[in-house]
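As provided, query_10.cif (mmCIF, C-alpha atoms) reads as follows.
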```
data_start
#
loop_
_atom_site.label_atom_id
_atom_site.label_comp_id
_atom_site.auth_asym_id
_atom_site.auth_seq_id
_atom_site.Cartn_x
_atom_site.Cartn_y
_atom_site.Cartn_z
CA MET J 1 -11.29 -8.38 -20.45
CA LYS J 2 -13.51 -7.75 -17.46
CA ALA J 3 -14.00 -4.30 -15.93
CA THR J 4 -15.72 -3.83 -12.56
CA ILE J 5 -16.80 -0.34 -11.50
CA LEU J 6 -15.62 -0.04 -7.89
CA VAL J 7 -17.10 3.42 -7.45
CA ASP J 8 -19.14 5.83 -9.58
CA ASN J 9 -21.67 8.58 -8.93
CA LEU J 10 -24.51 6.06 -9.13
CA THR J 11 -25.01 2.74 -7.41
CA ARG J 12 -27.40 -0.17 -7.22
CA GLY J 13 -27.85 -2.04 -3.96
CA ALA J 14 -25.68 -1.63 -0.88
CA LEU J 15 -22.43 -0.42 -2.49
CA ALA J 16 -21.36 3.15 -1.72
CA ALA J 17 -21.35 5.82 -4.43
CA GLU J 18 -19.57 9.18 -4.64
CA TRP J 19 -18.52 11.85 -7.13
CA GLY J 20 -15.56 9.88 -8.40
CA LEU J 21 -14.52 6.87 -10.43
CA SER J 22 -12.47 3.72 -9.88
CA VAL J 23 -12.32 0.69 -12.18
CA TYR J 24 -10.85 -2.75 -11.51
CA ILE J 25 -9.73 -4.50 -14.70
CA GLU J 26 -8.79 -8.13 -15.29
CA HIS J 27 -7.06 -8.88 -18.58
CA GLN J 28 -5.36 -12.16 -19.45
CA GLY J 29 -4.84 -12.91 -15.78
CA HIS J 30 -3.46 -9.47 -14.92
CA PRO J 31 -5.34 -7.34 -12.34
CA ILE J 32 -5.17 -3.57 -12.90
CA LEU J 33 -6.65 -0.63 -11.00
CA LEU J 34 -7.63 2.54 -12.85
CA ASP J 35 -8.17 5.46 -10.45
CA THR J 36 -9.10 5.40 -6.79
CA GLY J 37 -12.14 7.66 -6.51
CA ALA J 38 -12.40 10.52 -4.02
CA SER J 39 -12.07 8.52 -0.77
CA ASP J 40 -11.65 4.99 0.54
CA ARG J 41 -15.10 3.96 -0.75
CA PHE J 42 -13.60 2.18 -3.76
CA ALA J 43 -11.66 -0.05 -1.35
CA ARG J 44 -14.67 -0.76 0.85
CA ASN J 45 -16.70 -1.65 -2.24
CA ALA J 46 -13.85 -3.82 -3.54
CA GLU J 47 -13.95 -5.82 -0.33
CA LYS J 48 -17.71 -6.37 -0.65
CA LEU J 49 -17.25 -7.44 -4.27
CA GLY J 50 -14.47 -9.88 -3.43
CA VAL J 51 -11.80 -7.85 -5.25
CA ASP J 52 -8.34 -8.24 -3.71
CA LEU J 53 -6.57 -4.89 -4.08
CA GLY J 54 -3.42 -6.45 -2.64
CA ALA J 55 -3.12 -8.62 -5.74
CA VAL J 56 -3.28 -5.72 -8.23
CA GLU J 57 -0.19 -5.75 -10.47
CA CYS J 58 -0.28 -2.09 -11.45
CA GLY J 59 -2.30 1.02 -10.75
CA VAL J 60 -3.03 3.89 -13.12
CA LEU J 61 -4.12 7.45 -12.49
CA SER J 62 -6.05 8.81 -15.46
CA HIS J 63 -5.47 12.45 -14.48
CA ALA J 64 -4.51 14.61 -11.53
CA HIS J 65 -7.95 15.47 -10.08
CA TYR J 66 -9.04 14.62 -6.52
CA ASP J 67 -12.11 12.58 -7.54
CA HIS J 68 -9.78 10.04 -9.15
CA ALA J 69 -6.72 10.42 -6.93
CA ASP J 70 -7.81 10.88 -3.31
CA GLY J 71 -7.97 7.14 -2.67
CA MET J 72 -4.35 6.59 -3.74
CA GLU J 73 -3.04 6.45 -0.17
CA THR J 74 -5.69 3.86 0.68
CA PHE J 75 -4.51 1.77 -2.25
CA PHE J 76 -0.86 2.04 -1.18
CA ALA J 77 -1.85 0.88 2.31
CA ARG J 78 -3.55 -2.22 0.87
CA ASN J 79 -1.02 -3.00 -1.85
CA GLN J 80 2.68 -2.99 -1.01
CA ARG J 81 4.22 -3.68 -4.42
CA ALA J 82 2.29 -2.46 -7.47
CA PRO J 83 3.73 0.52 -9.35
CA PHE J 84 1.29 3.38 -9.93
CA TYR J 85 1.48 5.06 -13.33
CA LEU J 86 0.88 8.79 -13.76
CA ARG J 87 1.25 10.98 -16.81
CA GLU J 88 4.54 12.86 -16.76
CA GLY J 89 2.77 16.24 -16.47
CA SER J 90 0.98 15.27 -13.25
CA LYS J 91 1.58 17.69 -10.41
CA GLU J 92 -0.29 18.95 -7.35
CA ASN J 93 -1.49 22.07 -9.14
CA CYS J 94 -5.04 21.64 -10.50
CA TYR J 95 -7.74 24.21 -9.76
CA GLY J 96 -11.35 24.84 -10.68
CA LYS J 97 -12.63 28.41 -11.13
CA ARG J 98 -16.03 29.78 -10.15
CA TRP J 99 -16.49 33.49 -10.69
CA ILE J 100 -13.29 35.03 -9.24
CA PHE J 101 -12.63 32.14 -6.85
CA ARG J 102 -10.29 29.21 -7.46
CA LYS J 103 -10.61 25.93 -5.59
CA TYR J 104 -7.91 23.29 -5.36
CA ILE J 105 -9.13 20.09 -7.06
CA GLY J 106 -5.85 18.21 -7.45
CA ILE J 107 -3.95 15.32 -5.91
CA ARG J 108 -3.63 15.59 -2.13
CA LYS J 109 -0.74 17.85 -1.27
CA GLY J 110 2.42 15.91 -0.47
CA CYS J 111 1.15 12.61 -1.88
CA LEU J 112 3.52 12.56 -4.85
CA LYS J 113 6.52 13.04 -2.57
CA ARG J 114 5.36 10.58 0.11
CA TYR J 115 4.91 7.79 -2.43
CA GLU J 116 7.58 8.68 -4.97
CA ASP J 117 9.02 5.17 -4.68
CA ARG J 118 5.74 3.69 -5.93
CA ILE J 119 4.99 6.20 -8.69
CA ARG J 120 6.09 5.82 -12.31
CA TYR J 121 5.73 8.65 -14.83
CA VAL J 122 4.70 7.99 -18.44
CA LYS J 123 5.76 10.34 -21.23
CA GLU J 124 3.68 9.67 -24.34
CA GLN J 125 2.93 5.99 -24.83
CA GLU J 126 3.98 3.00 -22.77
CA GLU J 127 3.01 -0.68 -22.60
CA ILE J 128 2.63 -1.54 -18.91
CA LEU J 129 1.46 -5.15 -19.40
CA PRO J 130 1.06 -7.37 -22.47
CA GLY J 131 -1.76 -5.86 -24.51
CA VAL J 132 -2.23 -2.95 -22.07
CA CYS J 133 -0.92 0.50 -22.96
CA LEU J 134 -1.09 4.06 -21.66
CA LEU J 135 -1.52 6.86 -24.19
CA ALA J 136 -1.14 10.60 -23.59
CA HIS J 137 -3.30 13.23 -25.25
CA ARG J 138 -2.02 14.17 -28.71
CA THR J 139 -4.74 16.63 -29.73
CA GLU J 140 -3.58 20.23 -30.09
CA GLY J 141 -5.33 23.20 -28.50
CA LEU J 142 -6.80 21.47 -25.45
CA GLU J 143 -6.46 24.73 -23.51
CA ALA J 144 -9.79 25.67 -25.07
CA PHE J 145 -11.43 22.77 -23.18
CA GLY J 146 -9.81 24.03 -19.99
CA ILE J 147 -11.31 27.48 -20.47
CA GLN J 148 -14.70 26.05 -21.41
CA ASN J 149 -14.78 23.87 -18.28
CA HIS J 150 -13.22 26.48 -15.92
CA LEU J 151 -10.22 24.24 -15.22
CA TYR J 152 -6.75 25.65 -14.57
CA THR J 153 -3.29 24.66 -13.40
CA LYS J 154 -1.07 26.83 -11.24
CA GLN J 155 2.28 27.60 -12.84
CA GLY J 156 4.37 29.56 -10.37
CA TRP J 157 2.17 32.48 -9.31
CA HIS J 158 -0.06 32.27 -12.38
CA TYR J 159 -3.16 30.24 -13.24
CA VAL J 160 -3.24 29.03 -16.84
CA PRO J 161 -5.99 27.11 -18.68
CA ASP J 162 -5.55 23.38 -18.22
CA ASP J 163 -4.24 21.68 -21.36
CA PHE J 164 -4.59 18.24 -19.72
CA ARG J 165 -0.95 17.28 -20.07
CA HIS J 166 -1.61 15.27 -16.89
CA GLU J 167 -4.29 13.09 -18.56
CA GLN J 168 -3.87 9.70 -20.22
CA SER J 169 -6.01 6.89 -21.60
CA LEU J 170 -5.69 3.20 -20.79
CA ILE J 171 -5.92 1.00 -23.89
CA VAL J 172 -6.63 -2.75 -23.71
CA GLU J 173 -6.34 -5.04 -26.74
CA THR J 174 -9.16 -7.60 -26.83
CA GLU J 175 -10.45 -10.12 -29.36
CA LYS J 176 -13.27 -7.72 -30.28
CA GLY J 177 -10.89 -4.80 -30.76
CA LEU J 178 -9.35 -2.03 -28.71
CA VAL J 179 -11.08 -0.89 -25.53
CA ILE J 180 -10.36 2.67 -24.34
CA LEU J 181 -10.72 3.58 -20.67
CA SER J 182 -10.66 7.36 -20.31
CA SER J 183 -12.03 8.40 -16.95
CA CYS J 184 -13.09 12.00 -17.72
CA SER J 185 -12.25 12.55 -21.40
CA HIS J 186 -11.59 16.26 -20.84
CA GLY J 187 -10.18 16.59 -24.33
CA GLY J 188 -13.37 15.25 -25.90
CA ALA J 189 -14.39 11.60 -26.25
CA ASP J 190 -14.29 11.84 -30.04
CA ASN J 191 -10.79 13.34 -29.98
CA ILE J 192 -9.56 10.55 -27.73
CA ILE J 193 -10.98 7.91 -30.08
CA LYS J 194 -9.09 9.62 -32.92
CA GLU J 195 -5.90 9.72 -30.83
CA VAL J 196 -6.12 5.98 -30.22
CA SER J 197 -6.89 5.32 -33.88
CA GLY J 198 -3.76 7.25 -34.83
CA ALA J 199 -1.64 5.30 -32.35
CA TYR J 200 -2.99 1.93 -33.55
CA PRO J 201 -3.29 2.29 -37.35
CA GLY J 202 -5.49 -0.36 -38.94
CA LYS J 203 -6.85 -1.68 -35.64
CA ARG J 204 -10.53 -1.68 -34.78
CA ILE J 205 -11.71 0.32 -31.76
CA TYR J 206 -14.55 -1.61 -30.15
CA ALA J 207 -15.53 0.28 -26.99
CA MET J 208 -14.87 3.24 -24.72
CA ILE J 209 -15.45 3.23 -20.96
CA GLY J 210 -15.45 6.32 -18.73
CA GLY J 211 -16.83 9.77 -18.03
CA PHE J 212 -17.27 12.29 -20.84
CA HIS J 213 -17.37 15.50 -18.74
CA LEU J 214 -20.69 16.73 -20.13
CA TYR J 215 -22.58 17.69 -16.99
CA HIS J 216 -22.25 21.42 -17.85
CA THR J 217 -22.67 20.95 -21.61
CA SER J 218 -25.73 22.21 -23.51
CA GLU J 219 -28.17 19.79 -25.14
CA GLU J 220 -26.98 20.99 -28.53
CA GLY J 221 -23.37 20.28 -27.56
CA VAL J 222 -24.16 16.77 -26.32
CA ARG J 223 -26.09 15.92 -29.48
CA ALA J 224 -23.21 17.20 -31.60
CA LEU J 225 -20.76 15.03 -29.66
CA ALA J 226 -23.02 12.00 -30.10
CA GLY J 227 -22.87 12.54 -33.85
CA ARG J 228 -19.09 12.78 -33.80
CA ILE J 229 -18.83 9.61 -31.69
CA ARG J 230 -21.12 7.78 -34.11
CA SER J 231 -18.94 8.87 -37.05
CA THR J 232 -15.85 7.21 -35.51
CA GLY J 233 -17.42 3.78 -36.02
CA ILE J 234 -16.95 2.73 -32.40
CA GLU J 235 -19.42 0.02 -31.42
CA LYS J 236 -20.04 0.62 -27.70
CA ILE J 237 -19.68 3.36 -25.10
CA TYR J 238 -20.10 2.83 -21.37
CA THR J 239 -20.28 6.20 -19.66
CA GLY J 240 -21.05 7.76 -16.30
CA HIS J 241 -19.42 9.85 -13.56
CA CYS J 242 -18.89 13.37 -15.00
CA THR J 243 -21.06 12.71 -18.06
CA GLY J 244 -24.09 13.64 -15.95
CA ALA J 245 -27.57 12.12 -15.95
CA ALA J 246 -29.13 14.62 -18.36
CA ALA J 247 -26.32 14.30 -20.89
CA TYR J 248 -26.42 10.51 -20.65
CA GLU J 249 -30.12 10.49 -21.52
CA ILE J 250 -29.38 12.56 -24.63
CA LEU J 251 -26.53 10.23 -25.62
CA LYS J 252 -28.86 7.27 -25.11
CA GLU J 253 -31.53 8.90 -27.25
CA GLU J 254 -29.00 9.60 -30.01
CA LEU J 255 -26.96 6.37 -29.86
CA GLY J 256 -29.50 3.83 -28.62
CA GLU J 257 -28.06 0.42 -27.69
CA GLN J 258 -24.60 1.70 -28.52
CA ALA J 259 -24.61 3.55 -25.15
CA GLU J 260 -24.81 2.10 -21.64
CA GLY J 261 -24.64 3.89 -18.29
CA LEU J 262 -22.08 3.13 -15.61
CA TYR J 263 -22.91 2.45 -11.95
CA THR J 264 -21.03 1.23 -8.90
CA GLY J 265 -20.77 -2.57 -9.02
CA MET J 266 -21.34 -2.84 -12.78
CA GLU J 267 -19.38 -5.56 -14.59
CA ILE J 268 -18.42 -5.17 -18.23
CA VAL J 269 -17.12 -8.29 -19.99
CA ILE J 270 -15.57 -7.90 -23.43
#
```
Go through the file and emit its structure as structure tokens.
Amino acid sequence: MKATILVDNLTRGALAAEWGLSVYIEHQGHPILLDTGASDRFARNAEKLGVDLGAVECGVLSHAHYDHADGMETFFARNQRAPFYLREGSKENCYGKRWIFRKYIGIRKGCLKRYEDRIRYVKEQEEILPGVCLLAHRTEGLEAFGIQNHLYTKQGWHYVPDDFRHEQSLIVETEKGLVILSSCSHGGADNIIKEVSGAYPGKRIYAMIGGFHLYHTSEEGVRALAGRIRSTGIEKIYTGHCTGAAAYEILKEELGEQAEGLYTGMEIVI
């Protein structure tokens, strides 16, 4: 498996960065796109990197936030055939709260209707290619993470704490073990590792790639998470985007060579 970071918050060289994430994955000859960042920058970077988005066999949206979904229309313009997989709970209804104000942070309004012929909805667990599976959150009580991170969904006229029923992980089976790609890990990186372990009993989990949503988390909270990640037995984590620079440094201090930081243009070969 080879994963290329098409866009992340950080970059090296001439590639464009933004608050967002997009990952191009090649596995056993199958090209996959996970997320599309917050603009068309992922596509412009793909062109510079020699990545042909038109050849992608399937696209995946990790969750229904703009910084992963706002490039979807760009992808559809460059790829005329690939299905795009969303979690069944994905709607245009995600909001962030600051004081008494709520800001829309979801998929561009009307996008799900405009491209309904390209979109496929996943319920709980689905194999989309040989050795490549999508897995929904199975941890109970994720509303607490929504409250903690000031994230809500609009249900009718009411705003309710986000329980991340629109979020899913991409799992790839490799010779070294399972690789989890979870773009923001809102439900907790350690919980997601446990979810995957439960879905694949007896199989080794080798690595996790994605953001851990720690940029507002206290030092004590980050260190505690590092300990829980270590206790899972996972060998490698590659993290960036919403993890935040300060939190990444703490993870690196706690986990050492087990942790590596993501950046635009990075290639991960497993």
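Each of J:Arg41, J:Arg165, J:Lys203, J:Arg98 was checked against Ile5 (chain J) using all atoms listed in the file; the smallest atom-to-atom distance is that of J:Arg41.
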Quiz item: Counting all atoms listed in the file, what is within 10 Å of Tyr238 (chain J), bar same-chain residues fewer than 6 positions away, as a list in words?
Solution: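 Returned residues: Leu181, Ala207, Met208, Ile209, Gly210, Gly211, Phe212, Tyr248, Gln258, Ala259, Glu260, Gly261, Leu262, Tyr263 and Ile268 of chain J.
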Exercise. Determine, counting all atoms listed in the file, which protein, DNA and RNA residues have an atom within 8 Å of an atom of region 225-230 of chain J; residues of the same chain fewer than 6 positions away are not included. Present the result as a PyMOL selection string.
Key: chain J and resi 189-190+251+254-255
Quiz item: Can you tell me, as a PyMOL selection string, which residues sit within 7 Å of (-13.1, 9.5, -10.5) in the file's frame, using only C-alpha atoms?
Solution: chain J and resi 19-22+35-38+67-68+183
Exercise. Name all residues at most 10 Å from Thr232 (chain J) (count all atoms listed in the file; drop same-chain ones fewer than 5 positions away) and give them as a PyMOL selection string.
Key: chain J and resi 190-191+193-194+197+205+227
Residues as selected, C-alpha atoms, written as a CSV table (one decimal), in the frame of the given file, can you do that?
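After the write, out.csv holds the following:
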```csv
chain,number,residue,atom,x,y,z
J,190,ASP,CA,-14.3,11.8,-30.0
J,191,ASN,CA,-10.8,13.3,-30.0
J,193,ILE,CA,-11.0,7.9,-30.1
J,194,LYS,CA,-9.1,9.6,-32.9
J,197,SER,CA,-6.9,5.3,-33.9
J,205,ILE,CA,-11.7,0.3,-31.8
J,227,GLY,CA,-22.9,12.5,-33.8
```
Quiz prompt | Selected residue, from J:Phe75, J:Val269, J:Thr264, J:Glu140, that lies nearest to Leu6 (chain J) when counting only C-alpha atoms | solution =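 Answer, going by the shortest atom-to-atom distance: J:Thr264.
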Self-check item: Residue neighbourhood Gly146 (chain J), 10 Å, only C-alpha atoms, exclusion window fewer than 3 positions, as a PyMOL selection string
Solution: chain J and resi 96+141-143+149-153+160-164+186-187
Quiz item: Exactly which residues make up the result of the PyMOL selection byres ((chain J and resi 78) around 12) on this file, given as a list in words?
Solution: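 Here the PyMOL selection byres ((chain J and resi 78) around 12) matches Asp40, Phe42, Ala43, Arg44, Ala46, Glu47, Val51, Asp52, Leu53, Gly54, Ala55, Val56, Gly71, Met72, Glu73, Thr74, Phe75, Phe76, Ala77, Asn79, Gln80, Arg81 and Ala82 of chain J.
Here CA of Ile107 (chain J) and CA of Val122 (chain J) stand 16.9 Å from one another.
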Quiz item: Using all atoms listed in the file, which of the listed residues (J:Trp99, J:Gly240, J:Gln168, J:Thr174) sits closest to Met266 (chain J)?
Solution: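 Under the stated criterion, the closest residue is J:Gly240.
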Write out, as a tab-separated table, each residue of region 93-145 of chain J that has an atom at most 12 Å from region 62-65 of chain J, together with the closest pair of atoms and their distance in Å to one decimal, counting only C-alpha atoms, rows going by chain and rising number.
```
residue	atom	partner	partner_atom	distance
J:Asn93	CA	J:Ala64	CA	8.4
J:Cys94	CA	J:His65	CA	6.8
J:Tyr95	CA	J:His65	CA	8.7
J:Gly96	CA	J:His65	CA	10.0
J:Lys103	CA	J:His65	CA	11.7
J:Tyr104	CA	J:His65	CA	9.1
J:Ile105	CA	J:His65	CA	5.6
J:Gly106	CA	J:His65	CA	4.3
J:Ile107	CA	J:Ala64	CA	5.7
J:Arg108	CA	J:His65	CA	9.0
J:Lys109	CA	J:Ala64	CA	11.4
J:Cys111	CA	J:Ala64	CA	11.4
J:Leu112	CA	J:Ala64	CA	10.6
J:Tyr121	CA	J:Ser62	CA	11.8
J:Val122	CA	J:Ser62	CA	11.2
J:Leu134	CA	J:Ser62	CA	9.3
J:Leu135	CA	J:Ser62	CA	10.0
J:Ala136	CA	J:Ser62	CA	9.7
J:His137	CA	J:His63	CA	11.0
```
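CA of Gly89 (chain J) is positioned 18.0 Å from CA of Glu127 (chain J).
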Practice problem: Take the point (-24.8, 17.9, -21.9) as written in the file and pick out every residue within 12 Å of it, counting all atoms listed in the file; give the list as a ChimeraX atom specification. | Solution: /J:212-226,242-252
Quiz item: With all atoms listed in the file as the atoms that count, which of J:Tyr159, J:Phe101, J:Phe145, J:Tyr206 lies nearest to Ile171 (chain J)?
Solution: J:Tyr206
Quiz item: If you measure from CA of Asn45 (chain J) to CA of Val7 (chain J), what distance in Å do you get, rounded to one decimal?
Solution: 7.3 Å
Quiz item: If you apply the PyMOL selection byres ((chain J and resi 173) around 9) to this file, what residues do you get, as a ChimeraX atom specification?
Solution: /J:1,130-133,171-172,174-179
Practice problem: Rank J:His166, J:Arg114, J:His158, J:His30 by their smallest atom-to-atom distance to Cys58 (chain J), using all atoms listed in the file, and report the top residue only. | Solution: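 Using all atoms listed in the file, Cys58 (chain J) sits closest to J:His30.
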Self-check item: Pick from J:Ala17, J:Ile147, J:Lys48, J:Phe84, whichever lies nearest to Leu33 (chain J) using all atoms listed in the file
Solution: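 Using all atoms listed in the file, Leu33 (chain J) sits closest to J:Phe84.
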Where atoms are missing, can you supply all heavy atoms for region 80-91 of chain J and output the lot as a CSV table (one decimal), in the frame of the given file?
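Writing the result to out.csv gives the following:
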```csv
chain,number,residue,atom,x,y,z
J,80,GLN,N,1.3,-3.4,-1.4
J,80,GLN,CA,2.7,-3.0,-1.0
J,80,GLN,C,3.7,-3.0,-2.2
J,80,GLN,O,4.8,-2.7,-2.0
J,80,GLN,CB,3.2,-3.9,0.1
J,80,GLN,CG,2.3,-4.0,1.3
J,80,GLN,CD,2.2,-2.6,2.0
J,80,GLN,OE1,3.1,-1.9,2.2
J,80,GLN,NE2,0.9,-2.2,2.4
J,81,ARG,N,3.2,-3.4,-3.4
J,81,ARG,CA,4.2,-3.7,-4.4
J,81,ARG,C,3.9,-3.1,-5.8
J,81,ARG,O,4.8,-2.8,-6.5
J,81,ARG,CB,4.4,-5.2,-4.6
J,81,ARG,CG,3.1,-5.9,-5.0
J,81,ARG,CD,3.3,-7.4,-5.0
J,81,ARG,NE,2.1,-8.1,-5.5
J,81,ARG,CZ,1.8,-8.4,-6.7
J,81,ARG,NH1,2.7,-8.1,-7.7
J,81,ARG,NH2,0.7,-9.0,-7.1
J,82,ALA,N,2.6,-2.9,-6.1
J,82,ALA,CA,2.3,-2.5,-7.5
J,82,ALA,C,2.8,-1.0,-7.8
J,82,ALA,O,2.5,-0.1,-7.0
J,82,ALA,CB,0.8,-2.5,-7.7
J,83,PRO,N,3.4,-0.9,-8.9
J,83,PRO,CA,3.7,0.5,-9.4
J,83,PRO,C,2.4,1.2,-9.7
J,83,PRO,O,1.5,0.6,-10.1
J,83,PRO,CB,4.6,0.3,-10.6
J,83,PRO,CG,4.2,-1.0,-11.1
J,83,PRO,CD,3.8,-1.9,-9.9
J,84,PHE,N,2.5,2.6,-9.6
J,84,PHE,CA,1.3,3.4,-9.9
J,84,PHE,C,1.7,4.4,-11.0
J,84,PHE,O,2.6,5.2,-10.8
J,84,PHE,CB,0.8,4.1,-8.7
J,84,PHE,CG,-0.7,4.3,-8.7
J,84,PHE,CD1,-1.6,3.4,-8.1
J,84,PHE,CD2,-1.2,5.5,-9.2
J,84,PHE,CE1,-2.9,3.6,-8.1
J,84,PHE,CE2,-2.6,5.7,-9.2
J,84,PHE,CZ,-3.4,4.8,-8.7
J,85,TYR,N,1.1,4.3,-12.2
J,85,TYR,CA,1.5,5.1,-13.3
J,85,TYR,C,0.7,6.4,-13.5
J,85,TYR,O,-0.5,6.4,-13.5
J,85,TYR,CB,1.3,4.2,-14.6
J,85,TYR,CG,2.2,3.1,-14.7
J,85,TYR,CD1,1.9,1.8,-14.2
J,85,TYR,CD2,3.5,3.2,-15.3
J,85,TYR,CE1,2.7,0.7,-14.3
J,85,TYR,CE2,4.4,2.1,-15.4
J,85,TYR,CZ,4.0,0.9,-14.8
J,85,TYR,OH,4.8,-0.2,-14.9
J,86,LEU,N,1.4,7.5,-13.5
J,86,LEU,CA,0.9,8.8,-13.8
J,86,LEU,C,1.5,9.4,-15.0
J,86,LEU,O,2.6,9.0,-15.4
J,86,LEU,CB,1.2,9.7,-12.6
J,86,LEU,CG,0.4,9.7,-11.3
J,86,LEU,CD1,0.5,8.4,-10.6
J,86,LEU,CD2,0.7,10.8,-10.4
J,87,ARG,N,0.7,10.2,-15.7
J,87,ARG,CA,1.2,11.0,-16.8
J,87,ARG,C,2.4,11.9,-16.3
J,87,ARG,O,2.3,12.5,-15.2
J,87,ARG,CB,0.1,11.8,-17.5
J,87,ARG,CG,0.5,12.7,-18.6
J,87,ARG,CD,0.6,12.0,-19.9
J,87,ARG,NE,1.2,12.9,-20.9
J,87,ARG,CZ,0.6,13.9,-21.6
J,87,ARG,NH1,-0.7,14.0,-21.4
J,87,ARG,NH2,1.2,14.6,-22.5
J,88,GLU,N,3.4,12.1,-17.1
J,88,GLU,CA,4.5,12.9,-16.8
J,88,GLU,C,4.2,14.3,-16.3
J,88,GLU,O,4.8,14.8,-15.4
J,88,GLU,CB,5.5,12.9,-17.9
J,88,GLU,CG,6.9,13.5,-17.6
J,88,GLU,CD,7.8,13.5,-18.7
J,88,GLU,OE1,7.4,13.9,-19.9
J,88,GLU,OE2,9.0,13.2,-18.5
J,89,GLY,N,3.2,14.9,-16.8
J,89,GLY,CA,2.8,16.2,-16.5
J,89,GLY,C,2.0,16.3,-15.2
J,89,GLY,O,1.5,17.4,-14.8
J,90,SER,N,1.8,15.2,-14.5
J,90,SER,CA,1.0,15.3,-13.2
J,90,SER,C,1.7,16.0,-12.1
J,90,SER,O,2.8,15.6,-11.7
J,90,SER,CB,0.6,13.8,-12.8
J,90,SER,OG,-0.2,13.2,-13.8
J,91,LYS,N,1.1,17.0,-11.6
J,91,LYS,CA,1.6,17.7,-10.4
J,91,LYS,C,0.4,18.0,-9.4
J,91,LYS,O,-0.7,17.7,-9.7
J,91,LYS,CB,2.2,19.0,-10.8
J,91,LYS,CG,3.4,18.8,-11.8
J,91,LYS,CD,4.0,20.2,-12.2
J,91,LYS,CE,5.2,20.0,-13.1
J,91,LYS,NZ,5.7,21.3,-13.6
```
